[in-house]
Amino acid sequence: MPKYLIDVNLPYYFSLWNTLDYIHQNDILNTSPDTDFKDRLEAIE
């Protein structure tokens, strides 16, 4: 399980966080469904 989250503004490919201790925010954003968030946006509009 990752211990550290790498911010989306930092480079994705970087040798320092190329281990299982780190997860890049893009990995979370690209794998998690945002259906709840989309539903909230539609309710606001």
# chains A, B, ... in the order shown; residues from 1 in each chain; ligands from 1

$ residues_around --residues "Tyr13 (chain A)" --least-positions-apart "4" --cutoff "10 Å" --atoms "only C-alpha atoms" --output "ChimeraX atom specification"
/A:17-18,24

$ write_last_selection --atoms "C-alpha atoms" --output "PDB file, in the first residue's frame"
ATOM      1  CA  TRP A  17       8.988   7.768  -6.680  1.00  0.00           C
ATOM      2  CA  ASN A  18       9.145   4.758  -8.952  1.00  0.00           C
ATOM      3  CA  HIS A  24       0.891   9.495  -8.398  1.00  0.00           C
TER       4      HIS A  24
END

$ residues_around --residues "Asp21 (chain A)" --least-positions-apart "4" --cutoff "8 Å" --atoms "only C-alpha atoms" --output "number ranges by chain"
A: 1-4, 17

$ write_last_selection --atoms "N, CA and C atoms" --output "mmCIF file, in the first residue's frame"
data_model
loop_
_atom_site.group_PDB
_atom_site.id
_atom_site.type_symbol
_atom_site.label_atom_id
_atom_site.label_comp_id
_atom_site.auth_asym_id
_atom_site.auth_seq_id
_atom_site.Cartn_x
_atom_site.Cartn_y
_atom_site.Cartn_z
ATOM 1 N N MET A 1 0.845 -1.173 0.000
ATOM 2 C CA MET A 1 0.000 0.000 0.000
ATOM 3 C C MET A 1 0.897 1.244 0.000
ATOM 4 N N PRO A 2 0.588 2.210 -0.880
ATOM 5 C CA PRO A 2 1.407 3.424 -0.940
ATOM 6 C C PRO A 2 1.334 4.239 0.347
ATOM 7 N N LYS A 3 2.444 4.844 0.663
ATOM 8 C CA LYS A 3 2.525 5.707 1.843
ATOM 9 C C LYS A 3 2.447 7.181 1.471
ATOM 10 N N TYR A 4 2.822 7.494 0.234
ATOM 11 C CA TYR A 4 2.935 8.895 -0.178
ATOM 12 C C TYR A 4 2.170 9.140 -1.470
ATOM 13 N N TRP A 17 10.235 8.375 -7.129
ATOM 14 C CA TRP A 17 8.988 7.768 -6.680
ATOM 15 C C TRP A 17 8.517 6.639 -7.596
#

$ residues_around --residues "Val8 (chain A)" --least-positions-apart "4" --cutoff "10 Å" --atoms "only C-alpha atoms" --output "ChimeraX atom specification"
/A:12,24-27,29

$ write_last_selection --atoms "N, CA and C atoms" --output "JSON list (two decimals), in the first residue's frame"
[["chain", "number", "residue", "atom", "x", "y", "z"],
["A", 12, "TYR", "N", 5.29, 12.65, -13.72],
["A", 12, "TYR", "CA", 4.81, 11.29, -13.50],
["A", 12, "TYR", "C", 5.98, 10.30, -13.50],
["A", 24, "HIS", "N", 1.08, 8.20, -7.76],
["A", 24, "HIS", "CA", 0.89, 9.49, -8.40],
["A", 24, "HIS", "C", -0.61, 9.77, -8.48],
["A", 25, "GLN", "N", -0.97, 11.03, -8.33],
["A", 25, "GLN", "CA", -2.37, 11.41, -8.34],
["A", 25, "GLN", "C", -3.05, 11.02, -9.65],
["A", 26, "ASN", "N", -2.31, 11.03, -10.75],
["A", 26, "ASN", "CA", -2.89, 10.61, -12.03],
["A", 26, "ASN", "C", -3.33, 9.16, -12.00],
["A", 27, "ASP", "N", -2.63, 8.32, -11.27],
["A", 27, "ASP", "CA", -3.04, 6.93, -11.16],
["A", 27, "ASP", "C", -4.38, 6.80, -10.47],
["A", 29, "LEU", "N", -6.72, 9.31, -10.31],
["A", 29, "LEU", "CA", -7.73, 9.98, -11.13],
["A", 29, "LEU", "C", -8.13, 9.14, -12.33]]
